[in-house]
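Here is the file entry13.csv (CSV, C-alpha atoms).
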chain,number,residue,atom,x,y,z
I,1019,MET,CA,-133.3,-60.9,94.8
I,1020,SER,CA,-130.5,-63.5,95.1
I,1021,LYS,CA,-126.9,-62.3,95.4
I,1022,ALA,CA,-123.7,-63.9,94.3
I,1023,ILE,CA,-120.0,-63.2,94.6
I,1024,ALA,CA,-117.8,-64.0,91.6
I,1025,LEU,CA,-114.2,-65.0,92.0
I,1026,PHE,CA,-113.0,-62.9,89.1
I,1027,SER,CA,-109.7,-63.2,87.3
I,1028,GLY,CA,-110.8,-60.9,84.4
I,1029,GLY,CA,-110.3,-63.6,81.8
I,1030,LEU,CA,-113.1,-64.5,79.4
I,1031,ASP,CA,-114.4,-67.5,81.3
I,1032,SER,CA,-114.8,-65.5,84.5
I,1033,MET,CA,-116.5,-62.7,82.6
I,1034,LEU,CA,-119.0,-65.1,81.0
I,1035,ALA,CA,-119.7,-66.9,84.3
I,1036,ALA,CA,-120.5,-63.6,86.0
I,1037,LYS,CA,-122.7,-62.3,83.1
I,1038,LEU,CA,-124.5,-65.6,82.8
I,1039,VAL,CA,-125.6,-65.5,86.4
I,1040,ALA,CA,-126.3,-61.7,86.3
I,1041,SER,CA,-128.6,-62.3,83.3
I,1042,GLN,CA,-131.0,-64.1,85.7
I,1043,ASN,CA,-131.6,-60.9,87.5
I,1044,ILE,CA,-129.2,-61.9,90.3
I,1045,ASP,CA,-127.0,-59.3,92.0
I,1046,VAL,CA,-123.4,-60.1,91.2
I,1047,VAL,CA,-120.4,-58.6,92.9
I,1048,CYS,CA,-116.9,-59.6,91.6
I,1049,VAL,CA,-113.8,-60.1,93.8
I,1050,ASN,CA,-110.2,-60.1,92.6
I,1051,PHE,CA,-107.1,-60.9,94.7
I,1052,THR,CA,-103.6,-59.4,94.4
I,1053,SER,CA,-100.1,-60.4,95.5
I,1054,PRO,CA,-96.6,-59.7,94.3
I,1055,PHE,CA,-97.2,-62.4,91.6
I,1056,PHE,CA,-100.4,-61.1,90.1
I,1057,ASP,CA,-102.2,-57.8,90.0
I,1058,SER,CA,-105.8,-56.5,89.3
I,1059,LYS,CA,-105.3,-54.7,86.1
I,1060,LYS,CA,-106.9,-57.3,83.9
I,1061,ALA,CA,-109.8,-57.7,86.3
I,1062,GLU,CA,-110.4,-54.0,86.6
I,1063,ALA,CA,-110.6,-53.6,82.8
I,1064,SER,CA,-112.9,-56.6,82.4
I,1065,ALA,CA,-115.2,-55.7,85.2
I,1066,LYS,CA,-115.6,-52.3,83.7
I,1067,HIS,CA,-116.3,-53.8,80.3
I,1068,ILE,CA,-119.2,-56.0,81.6
I,1069,ASN,CA,-120.4,-53.3,84.0
I,1070,LEU,CA,-120.2,-55.2,87.3
I,1071,PRO,CA,-118.8,-53.9,90.6
I,1072,LEU,CA,-115.3,-55.2,91.6
I,1073,ILE,CA,-113.8,-55.6,95.1
I,1074,ILE,CA,-110.0,-55.8,95.1
I,1075,GLU,CA,-108.1,-57.3,98.1
I,1076,ASP,CA,-104.4,-57.9,98.7
I,1077,ILE,CA,-103.9,-61.4,100.1
I,1078,THR,CA,-100.0,-61.3,100.2
I,1079,PRO,CA,-99.5,-62.6,103.8
I,1080,ASP,CA,-101.8,-65.6,103.4
I,1081,TYR,CA,-100.5,-66.3,99.9
I,1082,LEU,CA,-96.8,-66.3,100.9
I,1083,LYS,CA,-97.5,-68.6,103.8
I,1084,MET,CA,-99.2,-71.0,101.4
I,1085,LEU,CA,-96.4,-70.6,98.8
I,1086,HIS,CA,-93.7,-71.8,101.1
I,1087,SER,CA,-95.4,-75.2,101.6
I,1088,PRO,CA,-98.3,-75.9,99.2
I,1089,ARG,CA,-100.1,-79.1,100.2
I,1090,TYR,CA,-100.7,-80.1,96.5
I,1091,GLY,CA,-97.3,-79.0,95.2
I,1092,PHE,CA,-96.4,-77.0,92.2
I,1093,GLY,CA,-97.1,-77.1,88.5
I,1094,LYS,CA,-94.4,-76.9,85.8
I,1095,ASN,CA,-92.7,-74.0,87.6
I,1096,MET,CA,-93.6,-72.6,91.0
I,1097,ASN,CA,-97.3,-72.2,90.4
I,1098,PRO,CA,-99.3,-73.8,93.3
I,1099,CYS,CA,-102.5,-73.7,91.2
I,1100,ILE,CA,-104.6,-76.1,93.3
I,1101,ASP,CA,-103.6,-74.6,96.7
I,1102,CYS,CA,-104.0,-71.1,95.2
I,1103,HIS,CA,-107.5,-71.8,94.2
I,1104,ILE,CA,-108.4,-73.3,97.5
I,1105,LEU,CA,-107.1,-70.3,99.3
I,1106,MET,CA,-108.9,-67.8,97.1
I,1107,LEU,CA,-112.2,-69.8,97.5
I,1108,LYS,CA,-111.8,-69.8,101.3
I,1109,ILE,CA,-111.4,-66.0,101.4
I,1110,THR,CA,-114.2,-65.6,98.9
I,1111,GLY,CA,-116.4,-67.8,101.2
I,1112,GLN,CA,-115.7,-65.4,104.1
I,1113,LYS,CA,-116.7,-62.5,101.9
I,1114,MET,CA,-119.8,-64.3,100.8
I,1115,GLU,CA,-121.0,-64.4,104.4
I,1116,SER,CA,-120.0,-60.7,105.1
I,1117,LEU,CA,-121.8,-59.5,102.0
I,1118,GLY,CA,-124.9,-61.6,102.5
I,1119,ALA,CA,-124.4,-63.4,99.2
I,1120,ASP,CA,-126.1,-66.8,98.5
I,1121,PHE,CA,-123.3,-68.5,96.5
I,1122,ILE,CA,-119.9,-68.1,94.8
I,1123,ILE,CA,-119.3,-68.0,91.1
I,1124,THR,CA,-116.1,-69.2,89.3
I,1125,GLY,CA,-115.3,-69.4,85.6
I,1126,GLU,CA,-113.9,-72.9,85.8
I,1127,VAL,CA,-114.7,-75.2,82.8
I,1128,LEU,CA,-114.7,-78.9,83.3
I,1129,GLY,CA,-111.8,-80.5,81.5
I,1130,GLN,CA,-110.2,-77.3,80.4
I,1131,ARG,CA,-107.1,-77.9,82.5
I,1132,PRO,CA,-105.9,-81.4,82.8
I,1133,MET,CA,-104.7,-81.2,86.5
I,1134,SER,CA,-106.9,-78.7,88.3
I,1135,GLN,CA,-110.2,-78.9,86.4
I,1136,THR,CA,-111.1,-82.5,86.2
I,1137,LYS,CA,-114.3,-83.4,88.0
I,1138,GLN,CA,-112.3,-85.0,90.8
I,1139,SER,CA,-110.1,-81.9,91.2
I,1140,LEU,CA,-113.0,-79.5,91.2
I,1141,ASN,CA,-114.7,-81.6,93.9
I,1142,MET,CA,-111.5,-81.8,96.0
I,1143,ILE,CA,-110.9,-78.0,95.7
I,1144,ALA,CA,-114.4,-77.2,96.7
I,1145,LYS,CA,-114.3,-79.6,99.7
I,1146,ASN,CA,-111.0,-78.2,100.9
I,1147,SER,CA,-112.2,-74.6,100.6
I,1148,GLY,CA,-115.0,-75.3,103.1
I,1149,CYS,CA,-117.6,-73.9,100.6
I,1150,ALA,CA,-118.5,-77.0,98.6
I,1151,ASP,CA,-122.3,-76.4,98.8
I,1152,TYR,CA,-121.9,-72.8,97.6
I,1153,ILE,CA,-119.5,-72.9,94.6
I,1154,LEU,CA,-121.3,-72.6,91.3
I,1155,ARG,CA,-119.4,-73.2,88.0
I,1156,PRO,CA,-122.0,-71.7,85.6
I,1157,LEU,CA,-120.3,-72.7,82.4
I,1158,SER,CA,-120.2,-76.4,83.3
I,1159,ALA,CA,-123.0,-76.5,85.9
I,1160,GLN,CA,-125.2,-79.0,84.0
I,1161,LEU,CA,-122.3,-81.5,84.0
I,1162,LEU,CA,-121.8,-81.2,87.8
I,1163,THR,CA,-123.8,-81.9,90.9
I,1164,PRO,CA,-126.3,-79.1,91.8
I,1165,ILE,CA,-125.3,-76.8,94.6
I,1166,LYS,CA,-127.6,-75.6,97.4
I,1167,ALA,CA,-128.6,-72.4,95.5
I,1168,GLU,CA,-129.8,-74.4,92.5
I,1169,MET,CA,-131.8,-76.8,94.7
I,1170,GLU,CA,-133.4,-73.9,96.6
I,1171,GLY,CA,-134.4,-72.2,93.3
I,1172,LYS,CA,-132.2,-69.2,93.9
I,1173,ILE,CA,-130.8,-69.7,90.4
I,1174,ASP,CA,-132.4,-71.5,87.4
I,1175,ARG,CA,-130.2,-74.5,86.6
I,1176,SER,CA,-131.8,-74.9,83.2
I,1177,MET,CA,-130.3,-71.6,82.1
I,1178,LEU,CA,-126.8,-72.7,83.0
I,1179,LEU,CA,-124.4,-74.4,80.6
I,1180,SER,CA,-122.6,-77.7,79.9
I,1181,ILE,CA,-119.3,-76.6,78.4
I,1182,SER,CA,-116.3,-79.0,78.7
I,1183,GLY,CA,-112.9,-79.4,77.3
I,1184,ARG,CA,-110.2,-77.1,76.1
I,1185,GLY,CA,-112.0,-75.7,73.0
I,1186,ARG,CA,-113.2,-72.0,73.0
I,1187,LYS,CA,-115.9,-72.0,70.4
I,1188,ASP,CA,-118.8,-72.1,73.0
I,1189,GLN,CA,-117.2,-69.2,74.9
I,1190,MET,CA,-116.6,-67.1,71.8
I,1191,ARG,CA,-120.3,-67.6,70.8
I,1192,LEU,CA,-121.5,-66.7,74.3
I,1193,ALA,CA,-119.2,-63.6,74.4
I,1194,LYS,CA,-120.8,-62.4,71.1
I,1195,GLU,CA,-124.3,-62.9,72.6
I,1196,PHE,CA,-123.4,-60.9,75.7
I,1197,GLY,CA,-121.7,-58.2,73.6
I,1198,ILE,CA,-118.3,-58.9,75.2
I,1199,THR,CA,-115.9,-57.6,72.6
I,1200,ASN,CA,-112.8,-56.8,74.6
I,1201,TYR,CA,-111.2,-59.6,76.7
I,1202,PRO,CA,-107.6,-60.8,77.4
I,1203,PRO,CA,-106.1,-63.9,75.8
I,1204,PRO,CA,-106.4,-67.1,77.9
I,1205,ALA,CA,-103.8,-67.9,80.6
I,1206,GLY,CA,-101.0,-65.6,81.6
I,1207,GLY,CA,-100.9,-63.0,84.3
I,1208,CYS,CA,-99.3,-65.1,87.1
I,1209,LEU,CA,-95.5,-64.7,87.4
I,1210,LEU,CA,-95.2,-68.0,89.2
I,1211,THR,CA,-95.7,-69.7,85.8
I,1212,ASP,CA,-92.8,-67.7,84.3
I,1213,PRO,CA,-89.5,-69.8,84.1
I,1214,MET,CA,-87.2,-66.8,84.6
I,1215,PHE,CA,-89.1,-65.4,87.5
I,1216,THR,CA,-89.4,-68.7,89.3
I,1217,ARG,CA,-85.7,-69.3,88.9
I,1218,ARG,CA,-85.1,-66.1,90.7
I,1219,LEU,CA,-87.7,-67.0,93.3
I,1220,ARG,CA,-86.1,-70.4,94.1
I,1221,GLU,CA,-82.7,-68.6,94.3
I,1222,LEU,CA,-84.2,-66.1,96.8
I,1223,PHE,CA,-85.6,-68.9,98.9
I,1224,ALA,CA,-82.2,-70.6,98.9
I,1225,HIS,CA,-80.5,-67.4,100.3
I,1226,SER,CA,-83.2,-66.0,102.6
I,1227,ARG,CA,-85.4,-67.7,105.2
I,1228,ASN,CA,-87.7,-64.8,105.6
I,1229,PRO,CA,-87.8,-62.5,102.5
I,1230,GLU,CA,-89.5,-59.2,102.8
I,1231,ILE,CA,-92.5,-58.4,100.5
I,1232,ARG,CA,-90.2,-56.0,98.7
I,1233,ASP,CA,-87.8,-58.8,97.8
I,1234,TYR,CA,-90.5,-60.5,95.8
I,1235,HIS,CA,-91.3,-57.3,93.9
I,1236,LEU,CA,-87.6,-56.8,93.1
I,1237,LEU,CA,-87.5,-60.1,91.3
I,1238,LYS,CA,-89.6,-58.5,88.5
I,1239,TYR,CA,-87.1,-56.0,87.3
I,1240,GLY,CA,-83.6,-55.9,85.9
I,1241,ARG,CA,-80.7,-58.4,85.7
I,1242,HIS,CA,-80.0,-60.2,89.0
I,1243,PHE,CA,-76.6,-61.2,90.2
I,1244,ARG,CA,-75.3,-62.8,93.4
I,1245,THR,CA,-71.7,-62.3,94.6
I,1246,GLN,CA,-69.6,-65.0,96.2
I,1247,ASP,CA,-70.4,-63.3,99.6
I,1248,GLY,CA,-74.1,-63.9,99.0
I,1249,VAL,CA,-74.9,-60.2,98.2
I,1250,LYS,CA,-77.7,-59.5,95.6
I,1251,ILE,CA,-77.1,-56.9,93.0
I,1252,ILE,CA,-79.8,-55.8,90.5
I,1253,VAL,CA,-79.0,-53.9,87.3
I,1254,GLY,CA,-81.8,-52.1,85.4
I,1255,ARG,CA,-82.2,-53.2,81.7
I,1256,ASN,CA,-84.1,-50.2,80.5
I,1257,ASN,CA,-85.8,-47.0,81.7
I,1258,ARG,CA,-88.8,-48.8,83.0
I,1259,ASP,CA,-86.6,-51.1,85.1
I,1260,ASN,CA,-84.6,-48.2,86.4
I,1261,GLU,CA,-87.7,-46.3,87.5
I,1262,GLU,CA,-89.3,-49.3,89.2
I,1263,LEU,CA,-86.1,-50.1,91.0
I,1264,LYS,CA,-85.9,-46.5,92.2
I,1265,LYS,CA,-89.4,-46.8,93.6
I,1266,LEU,CA,-88.5,-49.9,95.5
I,1267,ALA,CA,-85.2,-48.6,96.8
I,1268,ASP,CA,-84.7,-47.9,100.5
I,1269,ASN,CA,-82.4,-45.3,102.0
I,1270,LYS,CA,-80.2,-48.1,103.5
I,1271,ASP,CA,-79.6,-49.7,100.0
I,1272,VAL,CA,-76.6,-48.9,97.9
I,1273,ALA,CA,-77.6,-47.3,94.6
I,1274,CYS,CA,-75.1,-46.8,91.7
I,1275,ASN,CA,-75.2,-44.5,88.7
I,1276,MET,CA,-72.7,-43.6,86.0
I,1277,THR,CA,-71.4,-40.0,86.0
I,1278,ASP,CA,-70.1,-39.4,82.4
I,1279,PHE,CA,-72.0,-42.0,80.3
I,1280,PRO,CA,-75.6,-43.2,80.0
I,1281,GLY,CA,-76.0,-46.3,82.1
I,1282,PRO,CA,-78.3,-48.4,84.3
I,1283,TYR,CA,-79.6,-47.9,87.8
I,1284,VAL,CA,-77.9,-50.5,90.0
I,1285,LEU,CA,-79.4,-51.4,93.3
I,1286,VAL,CA,-77.8,-53.4,96.1
I,1287,PRO,CA,-80.6,-54.1,98.5
I,1288,GLU,CA,-78.3,-55.3,101.3
I,1289,PRO,CA,-77.9,-52.9,104.3
I,1290,GLY,CA,-74.7,-54.7,105.4
I,1291,VAL,CA,-73.0,-54.9,102.0
I,1292,ASN,CA,-69.2,-55.0,102.0
I,1293,VAL,CA,-66.7,-53.0,100.0
I,1294,SER,CA,-66.0,-55.9,97.7
I,1295,SER,CA,-69.6,-56.2,96.6
I,1296,ILE,CA,-70.0,-52.5,96.1
I,1297,ASN,CA,-67.0,-52.6,93.8
I,1298,ILE,CA,-68.7,-55.4,91.8
I,1299,ALA,CA,-71.9,-53.4,91.7
I,1300,CYS,CA,-69.9,-50.5,90.2
I,1301,ALA,CA,-68.2,-52.7,87.7
I,1302,LEU,CA,-71.6,-54.1,86.7
I,1303,CYS,CA,-72.9,-50.5,86.3
I,1304,ALA,CA,-70.0,-49.8,84.0
I,1305,ARG,CA,-70.4,-53.0,82.0
I,1306,TYR,CA,-74.0,-52.3,81.1
I,1307,SER,CA,-73.4,-48.6,80.4
I,1308,ASP,CA,-72.1,-46.8,77.3
I,1309,ALA,CA,-68.7,-46.4,78.8
I,1310,PRO,CA,-65.8,-48.0,76.8
I,1311,ASP,CA,-65.0,-51.5,78.1
I,1312,ASP,CA,-61.2,-50.9,78.4
I,1313,SER,CA,-61.2,-47.5,80.1
I,1314,GLU,CA,-61.7,-46.4,83.7
I,1315,ALA,CA,-65.2,-45.2,84.5
I,1316,THR,CA,-66.6,-43.2,87.4
I,1317,VAL,CA,-69.6,-44.4,89.3
I,1318,ILE,CA,-71.5,-42.6,92.0
I,1319,CYS,CA,-72.7,-44.7,94.9
I,1320,GLN,CA,-75.4,-43.5,97.3
I,1321,GLN,CA,-76.4,-44.9,100.7
I,1322,ASN,CA,-78.0,-43.3,103.8
I,1323,GLY,CA,-78.1,-39.9,102.1
I,1324,LYS,CA,-74.4,-39.9,101.4
I,1325,SER,CA,-72.6,-40.3,98.1
I,1326,SER,CA,-69.1,-41.3,97.0
I,1327,LYS,CA,-67.3,-41.7,93.7
I,1328,VAL,CA,-65.8,-45.1,92.7
I,1329,LYS,CA,-63.3,-45.5,89.8
I,1330,CYS,CA,-63.7,-48.9,88.1
I,1331,ILE,CA,-63.3,-51.0,85.0
I,1332,ALA,CA,-66.3,-52.7,83.4
I,1333,LEU,CA,-66.7,-56.3,84.8
I,1334,PHE,CA,-65.6,-58.9,82.3
I,1335,LYS,CA,-68.4,-60.6,80.5
I,1336,GLU,CA,-67.3,-64.0,81.8
I,1337,ASP,CA,-67.7,-62.8,85.4
I,1338,CYS,CA,-71.1,-61.3,84.6
I,1339,GLU,CA,-72.3,-64.7,83.3
I,1340,ARG,CA,-70.8,-66.5,86.4
I,1341,LEU,CA,-72.6,-64.2,88.8
I,1342,MET,CA,-75.9,-63.8,87.0
I,1343,ILE,CA,-78.9,-65.6,88.5

Could you show the structure in this file as C-alpha cells?
Amino acid sequence: MSKAIALFSGGLDSMLAAKLVASQNIDVVCVNFTSPFFDSKKAEASAKHINLPLIIEDITPDYLKMLHSPRYGFGKNMNPCIDCHILMLKITGQKMESLGADFIITGEVLGQRPMSQTKQSLNMIAKNSGCADYILRPLSAQLLTPIKAEMEGKIDRSMLLSISGRGRKDQMRLAKEFGITNYPPPAGGCLLTDPMFTRRLRELFAHSRNPEIRDYHLLKYGRHFRTQDGVKIIVGRNNRDNEELKKLADNKDVACNMTDFPGPYVLVPEPGVNVSSINIACALCARYSDAPDDSEATVICQQNGKSSKVKCIALFKEDCERLMI
C-alpha cells in the first residue's frame, strides 16, 4: 500500500485533498504546524471529522527565523505566505522520509490565490522546498505536471481532479460526496494577516532586536501601550484577556490590579521598569476600571512576590491615545 503525508491546515481544501487520496486505498497521515501566529485547533477538529490521523508540530524557532527576513516578502500585512509554504513543505518533506511516505499532499487549488497559487508560483514553491517531485495537489493535479508517484503508478492520476479558480462549487459538491458536513470558512486563522496584530508586531520589532517567544503571544491580548521610556504596558480588555495575561506573566513582571473597584489586569513585562512607568501603568489601570475619573484610586502592584499600593488618578484619555500602539 502506498503512503502519503498531507500538509493539513484543516480548511475544506486540505480535507478534500486528503480524502481524495485516501479514497484510493492509500494510507494518509496529516501533519499540522503551530507557531505563536497560528494553532492546531482547526486542524484537530477537521482531522477528527474525516477520521484521519494528525501529527502536530511546533515550528516556532524556524518560523521566527524566516519571519525576520522572508526571501519573497510579505503580503498585505506581515504574512510571508510564499516563504511560509516553502518552510512547511521542507519540514513535511523531512517527515515524509522519516515516516516512509511516498509523496506529499497539499490542498492548493490552481488560480485560487492570485499571488501564491499561479502555476508559476506553485512550481517555484515546490522547487525551493526541495520536494518538487513529491508534492501532489490532488484538487488540481490534472492541470499540473505529473509527479513521481503518479508516473510510478502509486496513485491513479485519472481519479484526481482539475479544479481551478476562486469558485467553491466543485469543492462543495465534493464535500457532499465525501460526507464532509462540518468545515471552517475559507481563509483566516493566521494572525499575520490581521492588521491590528501586525501593527503591534512591527512595533515590537522596532523596539526589540531579539524578542522572546512570550513577547509574540502577549501581542494577542489586551490594549498595548508604550511609554516615552520605551516600556511596554498591556491592559486587559475583558476577563479572557485578563486570564491569558496572567498565564503569560512572569514573577519579574509588574502586575497591577484595582483594590476597591472592578478593573483590568495590567501587565508590565519589563524586569527593569522604572517608577515613572509603573505610575503610568497604575493610571491606566484606573482609567479602564470602574473607578470615578476625577477621584483618587488605589492600585496594588506586584513584582517578585512583593506587593505595594499606589495612589493615582486615571490617566487622561488624550494621554491614553498618545501612548497606545

Within 8 Å of Cys1274 in chain I, counting only C-alpha atoms, which residues qualify if same-chain residues fewer than 4 places away don't, as a VMD selection string?
-> chain I and resid 1283 to 1285 1299 to 1300 1303 1317 to 1320

Please build the interface table for range 1117-1229 of chain I against range 1020-1023 of chain I with a cut-off of 7 Å, listing for each qualifying residue the nearest atom pair and the distance in Å to one decimal; count all atoms listed in the file, order rows by chain and increasing number, and write it as JSON lines.
{"residue": "I:Ala1119", "atom": "CA", "partner": "I:Lys1021", "partner_atom": "CA", "distance": 4.7}
{"residue": "I:Asp1120", "atom": "CA", "partner": "I:Lys1021", "partner_atom": "CA", "distance": 5.5}
{"residue": "I:Phe1121", "atom": "CA", "partner": "I:Ala1022", "partner_atom": "CA", "distance": 5.1}
{"residue": "I:Ile1122", "atom": "CA", "partner": "I:Ile1023", "partner_atom": "CA", "distance": 4.9}
{"residue": "I:Ile1123", "atom": "CA", "partner": "I:Ile1023", "partner_atom": "CA", "distance": 6.0}
{"residue": "I:Lys1172", "atom": "CA", "partner": "I:Ser1020", "partner_atom": "CA", "distance": 6.1}

Quick one: of I:Glu1339, I:Asp1212, I:Asp1247, I:Asp1045, who's nearest to Leu1117 in chain I, counting all atoms listed in the file?
->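 Closest residue, counting all atoms listed in the file: I:Asp1045.
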
Find the residue from I:Tyr1306, I:Tyr1239, I:Phe1026, I:Phe1334 that sits nearest to Pro1280 in chain I; use only C-alpha atoms when measuring.
->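 Checking each candidate against Pro1280 in chain I, we get I:Tyr1306 as the closest.
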
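Close contacts of Gly1183 in chain I, defined as residues with an atom at most 10 Å away when counting only C-alpha atoms, with chain neighbours fewer than 2 positions off set aside, comprise Val1127, Leu1128, Gly1129, Gln1130, Arg1131, Pro1132, Gln1135, Thr1136, Ser1158, Ile1181, Gly1185 and Arg1186 of chain I.
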
What does the file look like for those residues with C-alpha atoms, as a PDB file, keeping the file's coordinate frame?
ATOM      1  CA  VAL I1127    -114.700 -75.200  82.800  1.00  0.00           C
ATOM      2  CA  LEU I1128    -114.700 -78.900  83.300  1.00  0.00           C
ATOM      3  CA  GLY I1129    -111.800 -80.500  81.500  1.00  0.00           C
ATOM      4  CA  GLN I1130    -110.200 -77.300  80.400  1.00  0.00           C
ATOM      5  CA  ARG I1131    -107.100 -77.900  82.500  1.00  0.00           C
ATOM      6  CA  PRO I1132    -105.900 -81.400  82.800  1.00  0.00           C
ATOM      7  CA  GLN I1135    -110.200 -78.900  86.400  1.00  0.00           C
ATOM      8  CA  THR I1136    -111.100 -82.500  86.200  1.00  0.00           C
ATOM      9  CA  SER I1158    -120.200 -76.400  83.300  1.00  0.00           C
ATOM     10  CA  ILE I1181    -119.300 -76.600  78.400  1.00  0.00           C
ATOM     11  CA  GLY I1185    -112.000 -75.700  73.000  1.00  0.00           C
ATOM     12  CA  ARG I1186    -113.200 -72.000  73.000  1.00  0.00           C
TER      13      ARG I1186
END

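Ranking I:Ser1087, I:Ile1343, I:Ile1251, I:Lys1265 by their shortest atom-to-atom distance to Glu1221 in chain I, with all atoms listed in the file included, puts I:Ile1343 first.
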
Go through I:His1103, I:Arg1155, I:Ile1252, I:Asn1095 one by one, measure the shortest atom-to-atom distance of each to Met1214 in chain I using all atoms listed in the file, and give the residue with the smallest value.
->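 Closest residue, counting all atoms listed in the file: I:Asn1095.
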
Work out how far CA of Leu1179 in chain I is from CA of Gly1125 in chain I, in Å to one decimal.
-> 11.5 Å
